[in-house]
Every structure is written in C-alpha cells, then in structure tokens.
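Pasted below: structure_10.json, JSON, C-alpha atoms.
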[["chain", "number", "residue", "atom", "x", "y", "z"],
["Y", 1, "MET", "CA", -149.96, 114.69, -22.52],
["Y", 2, "SER", "CA", -152.19, 113.49, -19.68],
["Y", 3, "GLU", "CA", -151.48, 114.78, -16.19],
["Y", 4, "THR", "CA", -149.66, 112.59, -13.69],
["Y", 5, "LEU", "CA", -152.15, 110.17, -12.15],
["Y", 6, "LYS", "CA", -151.74, 109.71, -8.38],
["Y", 7, "LEU", "CA", -153.15, 106.62, -6.67],
["Y", 8, "ALA", "CA", -153.19, 105.52, -3.03],
["Y", 9, "ILE", "CA", -153.53, 101.78, -2.40],
["Y", 10, "VAL", "CA", -154.23, 99.85, 0.79],
["Y", 11, "THR", "CA", -154.95, 96.14, 0.98],
["Y", 12, "ASP", "CA", -155.32, 93.17, 3.33],
["Y", 13, "ILE", "CA", -156.13, 95.33, 6.35],
["Y", 14, "HIS", "CA", -157.23, 92.26, 8.38],
["Y", 15, "HIS", "CA", -158.87, 94.14, 11.22],
["Y", 16, "GLY", "CA", -159.53, 91.64, 14.02],
["Y", 17, "PRO", "CA", -157.59, 89.56, 16.51],
["Y", 18, "ASP", "CA", -153.90, 88.80, 16.06],
["Y", 19, "LYS", "CA", -153.74, 85.55, 14.11],
["Y", 20, "LEU", "CA", -150.62, 83.74, 12.87],
["Y", 21, "THR", "CA", -148.50, 86.60, 11.49],
["Y", 22, "LYS", "CA", -151.40, 89.05, 10.98],
["Y", 23, "VAL", "CA", -151.27, 91.75, 13.67],
["Y", 24, "GLY", "CA", -154.98, 92.52, 13.46],
["Y", 25, "SER", "CA", -154.88, 94.61, 16.63],
["Y", 26, "ALA", "CA", -152.72, 97.15, 14.76],
["Y", 27, "ALA", "CA", -155.01, 97.42, 11.72],
["Y", 28, "LEU", "CA", -157.16, 100.37, 12.78],
["Y", 29, "PRO", "CA", -154.28, 102.52, 14.11],
["Y", 30, "LYS", "CA", -152.37, 101.85, 10.88],
["Y", 31, "LEU", "CA", -155.46, 102.65, 8.84],
["Y", 32, "ALA", "CA", -155.69, 105.99, 10.66],
["Y", 33, "GLU", "CA", -152.09, 106.64, 9.57],
["Y", 34, "PHE", "CA", -153.09, 105.82, 6.00],
["Y", 35, "ARG", "CA", -155.87, 108.44, 6.23],
["Y", 36, "THR", "CA", -153.32, 111.01, 7.32],
["Y", 37, "PHE", "CA", -151.07, 110.06, 4.41],
["Y", 38, "VAL", "CA", -153.96, 110.39, 1.95],
["Y", 39, "GLY", "CA", -154.77, 113.85, 3.29],
["Y", 40, "ASP", "CA", -151.21, 114.97, 2.64],
["Y", 41, "TYR", "CA", -150.71, 113.13, -0.64],
["Y", 42, "GLN", "CA", -154.03, 114.20, -2.26],
["Y", 43, "PRO", "CA", -154.37, 111.32, -4.76],
["Y", 44, "HIS", "CA", -156.80, 111.28, -7.64],
["Y", 45, "PHE", "CA", -158.20, 107.96, -6.43],
["Y", 46, "ILE", "CA", -157.96, 105.52, -3.51],
["Y", 47, "ALA", "CA", -158.21, 101.75, -4.01],
["Y", 48, "GLU", "CA", -158.79, 99.22, -1.23],
["Y", 49, "LEU", "CA", -158.14, 95.71, -2.55],
["Y", 50, "GLY", "CA", -159.94, 93.42, -0.11],
["Y", 51, "ASP", "CA", -159.50, 91.26, 3.01],
["Y", 52, "ARG", "CA", -160.61, 94.08, 5.24],
["Y", 53, "ILE", "CA", -161.20, 91.77, 8.21],
["Y", 54, "SER", "CA", -160.02, 88.49, 9.71],
["Y", 55, "ASP", "CA", -163.21, 86.45, 9.73],
["Y", 56, "ILE", "CA", -164.60, 85.07, 13.03],
["Y", 57, "ASP", "CA", -168.41, 84.86, 12.85],
["Y", 58, "ALA", "CA", -171.18, 86.83, 11.20],
["Y", 59, "GLU", "CA", -171.88, 89.22, 14.09],
["Y", 60, "THR", "CA", -168.22, 89.94, 14.84],
["Y", 61, "ASP", "CA", -167.33, 90.33, 11.17],
["Y", 62, "ALA", "CA", -170.17, 92.82, 10.65],
["Y", 63, "GLY", "CA", -168.91, 94.96, 13.53],
["Y", 64, "GLN", "CA", -165.35, 94.82, 12.24],
["Y", 65, "LEU", "CA", -166.47, 95.85, 8.76],
["Y", 66, "LEU", "CA", -168.40, 98.83, 10.16],
["Y", 67, "ARG", "CA", -165.25, 100.08, 11.87],
["Y", 68, "ILE", "CA", -163.31, 99.76, 8.64],
["Y", 69, "ALA", "CA", -166.00, 101.63, 6.71],
["Y", 70, "ASP", "CA", -165.81, 104.52, 9.21],
["Y", 71, "HIS", "CA", -162.17, 105.05, 8.23],
["Y", 72, "PHE", "CA", -163.17, 105.52, 4.58],
["Y", 73, "THR", "CA", -165.63, 108.35, 5.22],
["Y", 74, "GLY", "CA", -164.69, 111.94, 4.48],
["Y", 75, "LEU", "CA", -161.63, 111.11, 2.38],
["Y", 76, "PRO", "CA", -160.34, 113.80, 0.00],
["Y", 77, "ALA", "CA", -160.61, 111.56, -3.08],
["Y", 78, "PRO", "CA", -163.06, 108.97, -4.43],
["Y", 79, "HIS", "CA", -162.42, 105.35, -3.47],
["Y", 80, "TRP", "CA", -163.49, 101.83, -4.42],
["Y", 81, "HIS", "CA", -163.37, 98.50, -2.63],
["Y", 82, "LEU", "CA", -162.76, 94.95, -3.85],
["Y", 83, "MET", "CA", -163.90, 91.71, -2.27],
["Y", 84, "GLY", "CA", -161.28, 89.52, -0.60],
["Y", 85, "ASN", "CA", -161.65, 85.91, 0.44],
["Y", 86, "HIS", "CA", -161.88, 86.71, 4.19],
["Y", 87, "ASP", "CA", -164.57, 89.34, 3.58],
["Y", 88, "GLN", "CA", -167.12, 86.74, 2.49],
["Y", 89, "VAL", "CA", -166.66, 83.77, 4.80],
["Y", 90, "HIS", "CA", -169.54, 84.84, 7.08],
["Y", 91, "LEU", "CA", -170.78, 87.96, 5.27],
["Y", 92, "SER", "CA", -172.30, 88.07, 1.79],
["Y", 93, "ILE", "CA", -171.11, 90.25, -1.04],
["Y", 94, "ALA", "CA", -174.31, 92.27, -0.59],
["Y", 95, "ASP", "CA", -173.53, 92.70, 3.14],
["Y", 96, "ASN", "CA", -170.16, 94.19, 2.26],
["Y", 97, "GLY", "CA", -171.68, 96.48, -0.34],
["Y", 98, "GLU", "CA", -174.36, 97.77, 2.03],
["Y", 99, "VAL", "CA", -171.83, 98.72, 4.71],
["Y", 100, "LEU", "CA", -169.31, 100.20, 2.28],
["Y", 101, "GLY", "CA", -171.94, 102.09, 0.30],
["Y", 102, "GLN", "CA", -171.15, 100.68, -3.12],
["Y", 103, "SER", "CA", -172.21, 97.88, -5.42],
["Y", 104, "MET", "CA", -169.59, 95.12, -5.20],
["Y", 105, "VAL", "CA", -169.57, 94.38, -8.91],
["Y", 106, "HIS", "CA", -167.09, 94.92, -11.72],
["Y", 107, "HIS", "CA", -166.53, 98.65, -12.09],
["Y", 108, "SER", "CA", -164.46, 101.02, -14.22],
["Y", 109, "ILE", "CA", -163.92, 104.77, -14.22],
["Y", 110, "ASP", "CA", -161.87, 107.25, -16.26],
["Y", 111, "ILE", "CA", -159.64, 109.58, -14.25],
["Y", 112, "ALA", "CA", -156.76, 111.82, -15.35],
["Y", 113, "GLY", "CA", -156.71, 110.28, -18.81],
["Y", 114, "ARG", "CA", -156.51, 106.66, -17.60],
["Y", 115, "HIS", "CA", -159.09, 103.90, -17.37],
["Y", 116, "LEU", "CA", -159.23, 102.36, -13.88],
["Y", 117, "VAL", "CA", -160.71, 98.86, -13.81],
["Y", 118, "PHE", "CA", -161.87, 97.24, -10.55],
["Y", 119, "TRP", "CA", -162.27, 93.61, -11.53],
["Y", 120, "GLN", "CA", -164.37, 91.81, -8.93],
["Y", 121, "LEU", "CA", -163.22, 88.27, -9.68],
["Y", 122, "ASP", "CA", -164.72, 85.52, -7.56],
["Y", 123, "SER", "CA", -162.28, 85.65, -4.64],
["Y", 124, "ARG", "CA", -163.85, 82.90, -2.55],
["Y", 125, "ILE", "CA", -161.49, 80.04, -1.78],
["Y", 126, "HIS", "CA", -163.08, 76.74, -2.73],
["Y", 127, "HIS", "CA", -161.68, 73.65, -1.04],
["Y", 128, "PRO", "CA", -159.75, 71.76, -2.20],
["Y", 129, "GLN", "CA", -159.43, 73.51, -5.58],
["Y", 130, "GLY", "CA", -158.65, 77.10, -4.57],
["Y", 131, "PHE", "CA", -160.01, 79.88, -6.81],
["Y", 132, "LEU", "CA", -162.38, 78.90, -9.61],
["Y", 133, "PRO", "CA", -162.63, 80.78, -12.92],
["Y", 134, "LYS", "CA", -165.91, 82.18, -14.21],
["Y", 135, "GLY", "CA", -166.34, 82.76, -17.92],
["Y", 136, "GLU", "CA", -168.56, 85.78, -17.39],
["Y", 137, "ASP", "CA", -165.76, 87.54, -15.49],
["Y", 138, "LEU", "CA", -163.42, 87.15, -18.47],
["Y", 139, "ASP", "CA", -166.15, 88.28, -20.86],
["Y", 140, "TRP", "CA", -166.74, 91.44, -18.82],
["Y", 141, "LEU", "CA", -163.05, 92.37, -18.74],
["Y", 142, "ALA", "CA", -162.61, 91.81, -22.48],
["Y", 143, "ALA", "CA", -165.64, 93.97, -23.26],
["Y", 144, "ASP", "CA", -164.62, 96.73, -20.84],
["Y", 145, "LEU", "CA", -161.08, 96.99, -22.22],
["Y", 146, "ALA", "CA", -162.36, 96.94, -25.80],
["Y", 147, "ALA", "CA", -164.69, 99.89, -25.07],
["Y", 148, "THR", "CA", -161.90, 102.39, -24.28],
["Y", 149, "ASN", "CA", -158.86, 103.85, -26.03],
["Y", 150, "LEU", "CA", -157.34, 105.05, -22.76],
["Y", 151, "PRO", "CA", -154.40, 103.35, -21.02],
["Y", 152, "ALA", "CA", -155.95, 100.93, -18.51],
["Y", 153, "ILE", "CA", -154.97, 99.90, -14.98],
["Y", 154, "ILE", "CA", -156.52, 96.73, -13.56],
["Y", 155, "PHE", "CA", -157.06, 96.24, -9.81],
["Y", 156, "THR", "CA", -157.82, 92.79, -8.35],
["Y", 157, "HIS", "CA", -157.62, 91.12, -4.97],
["Y", 158, "VAL", "CA", -155.73, 88.05, -6.18],
["Y", 159, "PRO", "CA", -152.64, 88.67, -8.36],
["Y", 160, "LEU", "CA", -152.89, 87.89, -12.06],
["Y", 161, "ASP", "CA", -149.21, 87.23, -12.77],
["Y", 162, "GLY", "CA", -148.67, 83.78, -11.28],
["Y", 163, "GLY", "CA", -145.35, 84.87, -9.81],
["Y", 164, "SER", "CA", -143.20, 82.68, -7.57],
["Y", 165, "LEU", "CA", -144.47, 82.18, -4.01],
["Y", 166, "HIS", "CA", -141.23, 80.60, -2.81],
["Y", 167, "GLY", "CA", -140.61, 81.71, 0.77],
["Y", 168, "ASN", "CA", -144.10, 83.13, 1.25],
["Y", 169, "TYR", "CA", -145.31, 82.35, 4.77],
["Y", 170, "TYR", "CA", -148.85, 81.54, 3.69],
["Y", 171, "PHE", "CA", -148.54, 80.24, 0.16],
["Y", 172, "ASP", "CA", -145.16, 78.58, -0.36],
["Y", 173, "ASN", "CA", -146.73, 75.25, 0.62],
["Y", 174, "ASN", "CA", -150.25, 76.23, -0.48],
["Y", 175, "GLN", "CA", -149.70, 77.42, -4.03],
["Y", 176, "ARG", "CA", -153.24, 76.86, -5.30],
["Y", 177, "PHE", "CA", -154.61, 79.33, -2.74],
["Y", 178, "GLY", "CA", -152.13, 82.07, -3.70],
["Y", 179, "GLY", "CA", -152.88, 82.45, -7.41],
["Y", 180, "LEU", "CA", -155.40, 81.80, -10.15],
["Y", 181, "PRO", "CA", -155.55, 78.55, -12.15],
["Y", 182, "HIS", "CA", -156.48, 80.50, -15.31],
["Y", 183, "GLN", "CA", -153.79, 83.17, -15.02],
["Y", 184, "ARG", "CA", -152.34, 82.41, -18.49],
["Y", 185, "GLU", "CA", -155.78, 82.89, -20.05],
["Y", 186, "ILE", "CA", -156.14, 86.23, -18.26],
["Y", 187, "GLN", "CA", -152.68, 87.37, -19.36],
["Y", 188, "ALA", "CA", -153.50, 86.43, -22.96],
["Y", 189, "LEU", "CA", -156.71, 88.47, -22.76],
["Y", 190, "ILE", "CA", -154.76, 91.47, -21.43],
["Y", 191, "ARG", "CA", -152.16, 91.08, -24.18],
["Y", 192, "ARG", "CA", -154.83, 91.02, -26.87],
["Y", 193, "ALA", "CA", -156.49, 94.15, -25.46],
["Y", 194, "GLY", "CA", -153.26, 96.09, -26.04],
["Y", 195, "ASN", "CA", -154.12, 99.01, -23.73],
["Y", 196, "VAL", "CA", -153.32, 97.70, -20.24],
["Y", 197, "ILE", "CA", -150.30, 99.43, -18.69],
["Y", 198, "LEU", "CA", -150.43, 98.18, -15.07],
["Y", 199, "CYS", "CA", -152.04, 95.50, -12.87],
["Y", 200, "VAL", "CA", -152.24, 95.92, -9.07],
["Y", 201, "ALA", "CA", -153.27, 93.31, -6.48],
["Y", 202, "GLY", "CA", -152.91, 92.23, -2.86],
["Y", 203, "HIS", "CA", -153.73, 88.89, -1.21],
["Y", 204, "VAL", "CA", -150.25, 87.34, -0.97],
["Y", 205, "HIS", "CA", -149.00, 89.62, 1.83],
["Y", 206, "TRP", "CA", -145.76, 90.81, 0.30],
["Y", 207, "ASN", "CA", -144.41, 93.30, -2.21],
["Y", 208, "ASP", "CA", -143.70, 91.77, -5.59],
["Y", 209, "VAL", "CA", -143.54, 92.72, -9.25],
["Y", 210, "ASN", "CA", -143.37, 90.77, -12.49],
["Y", 211, "LEU", "CA", -143.09, 92.31, -15.95],
["Y", 212, "ILE", "CA", -145.12, 90.39, -18.51],
["Y", 213, "ASP", "CA", -145.30, 91.71, -22.09],
["Y", 214, "GLY", "CA", -143.92, 94.99, -20.71],
["Y", 215, "ILE", "CA", -146.74, 95.37, -18.17],
["Y", 216, "PRO", "CA", -145.85, 95.60, -14.45],
["Y", 217, "TYR", "CA", -147.94, 93.21, -12.35],
["Y", 218, "ILE", "CA", -147.58, 94.59, -8.82],
["Y", 219, "THR", "CA", -148.66, 93.11, -5.49],
["Y", 220, "VAL", "CA", -148.77, 95.33, -2.40],
["Y", 221, "GLN", "CA", -147.90, 94.25, 1.14],
["Y", 222, "SER", "CA", -150.67, 93.86, 3.72],
["Y", 223, "LEU", "CA", -151.30, 96.70, 6.17],
["Y", 224, "SER", "CA", -151.06, 94.39, 9.21],
["Y", 225, "GLU", "CA", -148.70, 91.60, 8.06],
["Y", 226, "SER", "CA", -145.55, 90.86, 10.07],
["Y", 227, "PHE", "CA", -143.78, 87.82, 8.60],
["Y", 228, "THR", "CA", -141.44, 90.07, 6.61],
["Y", 229, "THR", "CA", -140.99, 92.62, 9.40],
["Y", 230, "GLU", "CA", -139.84, 90.56, 12.41],
["Y", 231, "GLY", "CA", -143.18, 90.45, 14.17],
["Y", 232, "GLU", "CA", -144.13, 94.13, 13.84],
["Y", 233, "ALA", "CA", -147.10, 95.12, 11.66],
["Y", 234, "ALA", "CA", -145.78, 96.29, 8.31],
["Y", 235, "GLY", "CA", -148.11, 99.31, 8.25],
["Y", 236, "ALA", "CA", -147.88, 99.08, 4.47],
["Y", 237, "TRP", "CA", -149.71, 101.06, 1.86],
["Y", 238, "ALA", "CA", -148.68, 102.14, -1.61],
["Y", 239, "SER", "CA", -148.53, 105.28, -3.69],
["Y", 240, "ILE", "CA", -148.45, 104.90, -7.47],
["Y", 241, "GLU", "CA", -147.85, 107.70, -9.95],
["Y", 242, "VAL", "CA", -148.31, 107.25, -13.68],
["Y", 243, "ASP", "CA", -147.19, 109.56, -16.49],
["Y", 244, "HIS", "CA", -144.42, 108.49, -18.90],
["Y", 245, "GLU", "CA", -143.48, 105.89, -16.32],
["Y", 246, "VAL", "CA", -145.02, 103.94, -13.45],
["Y", 247, "ARG", "CA", -143.55, 104.90, -10.08],
["Y", 248, "TRP", "CA", -144.56, 102.59, -7.25],
["Y", 249, "ARG", "CA", -143.61, 102.96, -3.62],
["Y", 250, "THR", "CA", -144.82, 100.88, -0.69],
["Y", 251, "HIS", "CA", -144.53, 102.82, 2.57],
["Y", 252, "GLY", "CA", -144.21, 101.55, 6.14],
["Y", 253, "ARG", "CA", -141.79, 98.98, 7.57],
["Y", 254, "ASP", "CA", -141.64, 96.88, 4.38],
["Y", 255, "THR", "CA", -140.70, 99.47, 1.78],
["Y", 256, "ILE", "CA", -140.03, 99.07, -1.91],
["Y", 257, "SER", "CA", -139.65, 101.50, -4.82],
["Y", 258, "LEU", "CA", -139.88, 100.87, -8.54],
["Y", 259, "ALA", "CA", -139.87, 103.02, -11.67],
["Y", 260, "VAL", "CA", -140.49, 101.51, -15.11],
["Y", 261, "PRO", "CA", -141.47, 103.10, -18.45],
["Y", 262, "VAL", "CA", -145.12, 102.91, -19.41],
["Y", 263, "ARG", "CA", -145.58, 100.41, -22.20],
["Y", 264, "GLY", "CA", -146.85, 101.92, -25.43],
["Y", 265, "LEU", "CA", -150.35, 100.99, -26.47],
["Y", 266, "ASN", "CA", -150.35, 97.86, -28.65],
["Y", 267, "ALA", "CA", -146.60, 97.46, -28.11],
["Y", 268, "HIS", "CA", -145.68, 93.85, -27.36],
["Y", 269, "TRP", "CA", -142.74, 91.64, -26.56],
["Y", 270, "ARG", "CA", -141.93, 88.90, -29.06],
["Y", 271, "GLU", "CA", -144.04, 85.80, -28.58],
["Y", 272, "PRO", "CA", -142.19, 83.17, -26.50],
["Y", 273, "LEU", "CA", -140.45, 80.32, -28.29],
["Y", 274, "PRO", "CA", -142.23, 76.96, -28.36],
["Y", 275, "ARG", "CA", -140.83, 74.15, -26.23],
["Y", 276, "PHE", "CA", -137.25, 73.27, -27.19],
["Y", 277, "GLU", "CA", -138.40, 69.72, -27.94],
["Y", 278, "GLU", "CA", -140.74, 71.13, -30.59],
["Y", 279, "LEU", "CA", -137.93, 73.24, -32.08],
["Y", 280, "LEU", "CA", -135.64, 70.23, -32.26],
["Y", 281, "GLN", "CA", -138.37, 68.21, -33.91],
["Y", 282, "GLN", "CA", -138.97, 70.96, -36.48],
["Y", 283, "GLN", "CA", -135.25, 71.18, -37.24],
["Y", 284, "SER", "CA", -135.09, 67.43, -37.62],
["Y", 285, "LEU", "CA", -137.98, 67.46, -40.08],
["Y", 286, "LYS", "CA", -136.33, 70.23, -42.11],
["Y", 287, "CYS", "CA", -133.10, 68.23, -42.35],
["Y", 288, "GLN", "CA", -134.97, 65.11, -43.43],
["Y", 289, "GLY", "CA", -136.54, 67.10, -46.22],
["Y", 290, "CYS", "CA", -133.07, 67.85, -47.67],
["Y", 291, "ILE", "CA", -131.95, 64.26, -48.25],
["Y", 292, "PHE", "CA", -132.08, 62.95, -51.83],
["Y", 293, "ASP", "CA", -131.23, 59.40, -52.99],
["Y", 294, "LEU", "CA", -129.90, 59.59, -56.55]]
Could you write out this structure as structure tokens?
Amino acid sequence: MSETLKLAIVTDIHHGPDKLTKVGSAALPKLAEFRTFVGDYQPHFIAELGDRISDIDAETDAGQLLRIADHFTGLPAPHWHLMGNHDQVHLSIADNGEVLGQSMVHHSIDIAGRHLVFWQLDSRIHHPQGFLPKGEDLDWLAADLAATNLPAIIFTHVPLDGGSLHGNYYFDNNQRFGGLPHQREIQALIRRAGNVILCVAGHVHWNDVNLIDGIPYITVQSLSESFTTEGEAAGAWASIEVDHEVRWRTHGRDTISLAVPVRGLNAHWREPLPRFEELLQQQSLKCQGCIFDL
C-alpha cells in the first residue's frame, strides 16, 4: 500500500490593497502563517492555485508578485504554482514564470504513489463570455492521464465541477465568471480516464465539495477573503491527506473538514438516466408495439 500522501494548499492570496471583500493588506502576514504551518506539517508537496495578487498596473503587480515569491523560497517541500485570472491582467504568463522560477505550463509529477497534475487551463476572463475552452488543453489532460496507472489528483485554478454558486458574493449574479462552460466535457474526460481520485481548485472564494462519479471536487477558501468571515480575512489554507480515504481540512477562520473513501480505479457510478420525457416516450413506443388488431 502506498504511504499517506500529505499536501498543503493555498490559493487566492490576493496580495494588494483591500478591495471589496478581499483583505489584501492581510495577505502577506497570513502567508507567513502558512509558511509556519508548512514547516510543522511537513507535506510531500505544496500547491498554490493562482490569483496571487489583486491587479493594479504592471509595475505594482510585478512588485506584489516578487513579495509573494519571497514567501515560497526555502520551503521544506517542493511546490508548484498555477495561473489565476488576476495574475495575468497586467503581467504575462512568462512574467509570472520568471519571478516564480518555473515554467507556467501543464505539469505533472509522481509523489508517494500518486500522480499530481497541475492543469494550466486558460484562466483569463474574456468579456462578455467568461472562460473559453481550448482543445489542446483537453488533449494534454487526456494524454497525461492515459500515460499513468497511478491514482491521479488534478489541480486547477477554476473549479471543474460546476457546483452551485448560490449565495456566493462574487459569482451568484455572475455565474459565467465562476465556472467553465465546458465542465461537462471535462468531467466526461475524467470519467473515461478512470484513474482520477480527487480534483482541487480555488477561484470562487469559499469551501465547497461535490462528489461526481465518486470523485471529490474540492474548492478551497481564499487566504484573504472575508465575505464568509464577517469582515476578517479568512486566513485559509488546506491540508489534504490521501491513503484509503481523502481527508481534507481547511484551516483558519473558515474551517471545514471532510473524509471520504478513495474511489477505486475504473470504478464508476451508474450512468444517469436520460430525461424523463425521453423515458416516457420510450415507454409509450413500447406499449404501441404491443397492440394487435385481429
């Protein structure tokens, strides 16, 4: 049996000025607390899921990103960064990669008997559409998952589950900016792969989970968000442990805990029923086929 995999997750840091419900002035102190947690927790891997800054202009954003990068030096475990929508308003993807010391492309790595996938979907918000799918992104994910027999965990900035955004401060009235228009296509790809056991994302600034085909799709609260915590920065980050089950805990002011069994490889839920109208039509056709005029 593989050893217990330990992950530390931080997302939507939003270093910068206080804006709407994002307490950007608290981001760096909270990030320092995350560093302390990581030193004590000793994870196998650290994932940062994007929206490191609150964008202002190119010069300011570059300075903010440098200060974030400083907090990811000298950590006791390897780490990887994803692009968020705010990270690339005034800075390019290459700018982010240069400061963070990594190539901001799709990436996967095997650790503790699991396959960690950092899927760098196009996370730019296009107006008025929202997020736009790219066929080459789907092709890369399908090929990457097909190339391994290990249980896989997918990290993205934007959630893949298409869960309800009812009550969300940012996205209740702006649904197309909170999720992906091709989420069903992505979920079908993951189902066909048969080896994905967990998906983890940020972006929507709250803790949430949906189980789809037995796979937990988790979103982690923002480090500096306050709309769920009465005006105080949530100071949220997550620890995830994976062995025979997935154990997720978000720490800080907006806590949540979850434990679910790990789905077996190539184990699936039953396919959903077709629309009830189609079922009724099929039943009607069957009955018509039984009438004889003698």
Applying 12 Å and all atoms listed in the file, which residues near region 18-24 of chain Y remain after dropping the ones on its own chain fewer than 3 positions away? List them as a short mmCIF file (atom, residue, chain, number, x, y, z; two decimals) with C-alpha atoms, in the coordinates of the input.
data_model
loop_
_atom_site.label_atom_id
_atom_site.label_comp_id
_atom_site.auth_asym_id
_atom_site.auth_seq_id
_atom_site.Cartn_x
_atom_site.Cartn_y
_atom_site.Cartn_z
CA ASP Y 12 -155.32 93.17 3.33
CA ILE Y 13 -156.13 95.33 6.35
CA HIS Y 14 -157.23 92.26 8.38
CA HIS Y 15 -158.87 94.14 11.22
CA ALA Y 27 -155.01 97.42 11.72
CA LEU Y 28 -157.16 100.37 12.78
CA PRO Y 29 -154.28 102.52 14.11
CA LYS Y 30 -152.37 101.85 10.88
CA LEU Y 31 -155.46 102.65 8.84
CA ASP Y 51 -159.50 91.26 3.01
CA ARG Y 52 -160.61 94.08 5.24
CA ILE Y 53 -161.20 91.77 8.21
CA SER Y 54 -160.02 88.49 9.71
CA ASP Y 55 -163.21 86.45 9.73
CA ILE Y 56 -164.60 85.07 13.03
CA GLN Y 64 -165.35 94.82 12.24
CA ASN Y 168 -144.10 83.13 1.25
CA TYR Y 169 -145.31 82.35 4.77
CA TYR Y 170 -148.85 81.54 3.69
CA HIS Y 205 -149.00 89.62 1.83
CA GLN Y 221 -147.90 94.25 1.14
CA SER Y 222 -150.67 93.86 3.72
CA LEU Y 223 -151.30 96.70 6.17
CA SER Y 224 -151.06 94.39 9.21
CA GLU Y 225 -148.70 91.60 8.06
CA SER Y 226 -145.55 90.86 10.07
CA PHE Y 227 -143.78 87.82 8.60
CA THR Y 228 -141.44 90.07 6.61
CA THR Y 229 -140.99 92.62 9.40
CA GLU Y 230 -139.84 90.56 12.41
CA GLY Y 231 -143.18 90.45 14.17
CA GLU Y 232 -144.13 94.13 13.84
CA ALA Y 233 -147.10 95.12 11.66
CA ALA Y 234 -145.78 96.29 8.31
CA GLY Y 235 -148.11 99.31 8.25
#
With a distance cut-off of 8 Å and all atoms listed in the file, select the neighbouring residues of region 93-110 of chain Y, excluding the residue or stretch itself and same-chain residues fewer than 5 positions from it, and output the selection as a PyMOL selection string. chain Y and resi 65-66+69+80-83+87-88+115-121+140+144
If you keep C-alpha atoms, can you produce a file of those selected residues as a tab-separated table (two decimals), in the coordinates of the input?
chain	number	residue	atom	x	y	z
Y	65	LEU	CA	-166.47	95.85	8.76
Y	66	LEU	CA	-168.40	98.83	10.16
Y	69	ALA	CA	-166.00	101.63	6.71
Y	80	TRP	CA	-163.49	101.83	-4.42
Y	81	HIS	CA	-163.37	98.50	-2.63
Y	82	LEU	CA	-162.76	94.95	-3.85
Y	83	MET	CA	-163.90	91.71	-2.27
Y	87	ASP	CA	-164.57	89.34	3.58
Y	88	GLN	CA	-167.12	86.74	2.49
Y	115	HIS	CA	-159.09	103.90	-17.37
Y	116	LEU	CA	-159.23	102.36	-13.88
Y	117	VAL	CA	-160.71	98.86	-13.81
Y	118	PHE	CA	-161.87	97.24	-10.55
Y	119	TRP	CA	-162.27	93.61	-11.53
Y	120	GLN	CA	-164.37	91.81	-8.93
Y	121	LEU	CA	-163.22	88.27	-9.68
Y	140	TRP	CA	-166.74	91.44	-18.82
Y	144	ASP	CA	-164.62	96.73	-20.84
Ile9 (chain Y): which residues within 10 Å, counting all atoms listed in the file, same-chain residues fewer than 5 positions away excluded, as a PyMOL selection string?
-> chain Y and resi 34+38+43+45-49+79+155+200-202+220+236-240+250
Quick one: write out the picked residues with C-alpha atoms as a compact mmCIF listing (two decimals), keeping the file's coordinate frame?
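Once written, selection-v3.txt looks like this:
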# COMPACT_ATOMS: atom_id res chain seq x y z
CA PHE Y 34 -153.09 105.82 6.00
CA VAL Y 38 -153.96 110.39 1.95
CA PRO Y 43 -154.37 111.32 -4.76
CA PHE Y 45 -158.20 107.96 -6.43
CA ILE Y 46 -157.96 105.52 -3.51
CA ALA Y 47 -158.21 101.75 -4.01
CA GLU Y 48 -158.79 99.22 -1.23
CA LEU Y 49 -158.14 95.71 -2.55
CA HIS Y 79 -162.42 105.35 -3.47
CA PHE Y 155 -157.06 96.24 -9.81
CA VAL Y 200 -152.24 95.92 -9.07
CA ALA Y 201 -153.27 93.31 -6.48
CA GLY Y 202 -152.91 92.23 -2.86
CA VAL Y 220 -148.77 95.33 -2.40
CA ALA Y 236 -147.88 99.08 4.47
CA TRP Y 237 -149.71 101.06 1.86
CA ALA Y 238 -148.68 102.14 -1.61
CA SER Y 239 -148.53 105.28 -3.69
CA ILE Y 240 -148.45 104.90 -7.47
CA THR Y 250 -144.82 100.88 -0.69
Who sits within 9 Å of Gln42 (chain Y), all atoms listed in the file, same chain under 6 positions skipped, as a VMD selection string
chain Y and resid 6 to 8 76 to 77
Notebook entry, point to check: In Å to one decimal, how far is CA of Val158 (chain Y) from CA of Arg184 (chain Y)?
Noted result: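 Straight-line distance from CA of Arg184 (chain Y) to CA of Val158 (chain Y) works out to 14.0 Å.
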Generate N, CA and C atoms for region 168-179 of chain Y and emit them as an mmCIF file, keeping the file's coordinate frame.
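What follows is the written file selection-v8.cif:
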data_model
loop_
_atom_site.group_PDB
_atom_site.id
_atom_site.type_symbol
_atom_site.label_atom_id
_atom_site.label_comp_id
_atom_site.auth_asym_id
_atom_site.auth_seq_id
_atom_site.Cartn_x
_atom_site.Cartn_y
_atom_site.Cartn_z
ATOM 1 N N ASN Y 168 -142.934 82.447 0.710
ATOM 2 C CA ASN Y 168 -144.100 83.130 1.250
ATOM 3 C C ASN Y 168 -144.668 82.347 2.423
ATOM 4 N N TYR Y 169 -144.863 83.017 3.548
ATOM 5 C CA TYR Y 169 -145.310 82.350 4.770
ATOM 6 C C TYR Y 169 -146.608 81.573 4.562
ATOM 7 N N TYR Y 170 -147.543 82.165 3.854
ATOM 8 C CA TYR Y 170 -148.850 81.540 3.690
ATOM 9 C C TYR Y 170 -148.919 80.576 2.499
ATOM 10 N N PHE Y 171 -148.233 80.910 1.416
ATOM 11 C CA PHE Y 171 -148.540 80.240 0.160
ATOM 12 C C PHE Y 171 -147.405 79.415 -0.439
ATOM 13 N N ASP Y 172 -146.234 79.413 0.169
ATOM 14 C CA ASP Y 172 -145.160 78.580 -0.360
ATOM 15 C C ASP Y 172 -145.620 77.125 -0.438
ATOM 16 N N ASN Y 173 -146.259 76.636 0.588
ATOM 17 C CA ASN Y 173 -146.730 75.250 0.620
ATOM 18 C C ASN Y 173 -148.223 75.123 0.296
ATOM 19 N N ASN Y 174 -148.824 76.222 -0.160
ATOM 20 C CA ASN Y 174 -150.250 76.230 -0.480
ATOM 21 C C ASN Y 174 -150.477 77.036 -1.761
ATOM 22 N N GLN Y 175 -149.758 76.632 -2.804
ATOM 23 C CA GLN Y 175 -149.700 77.420 -4.030
ATOM 24 C C GLN Y 175 -151.075 77.682 -4.638
ATOM 25 N N ARG Y 176 -151.968 76.701 -4.599
ATOM 26 C CA ARG Y 176 -153.240 76.860 -5.300
ATOM 27 C C ARG Y 176 -154.142 77.902 -4.650
ATOM 28 N N PHE Y 177 -153.824 78.295 -3.410
ATOM 29 C CA PHE Y 177 -154.610 79.330 -2.740
ATOM 30 C C PHE Y 177 -153.982 80.719 -2.907
ATOM 31 N N GLY Y 178 -152.818 80.794 -3.545
ATOM 32 C CA GLY Y 178 -152.130 82.070 -3.700
ATOM 33 C C GLY Y 178 -152.270 82.692 -5.080
ATOM 34 N N GLY Y 179 -152.774 81.925 -6.040
ATOM 35 C CA GLY Y 179 -152.880 82.450 -7.410
ATOM 36 C C GLY Y 179 -154.067 81.836 -8.121
#
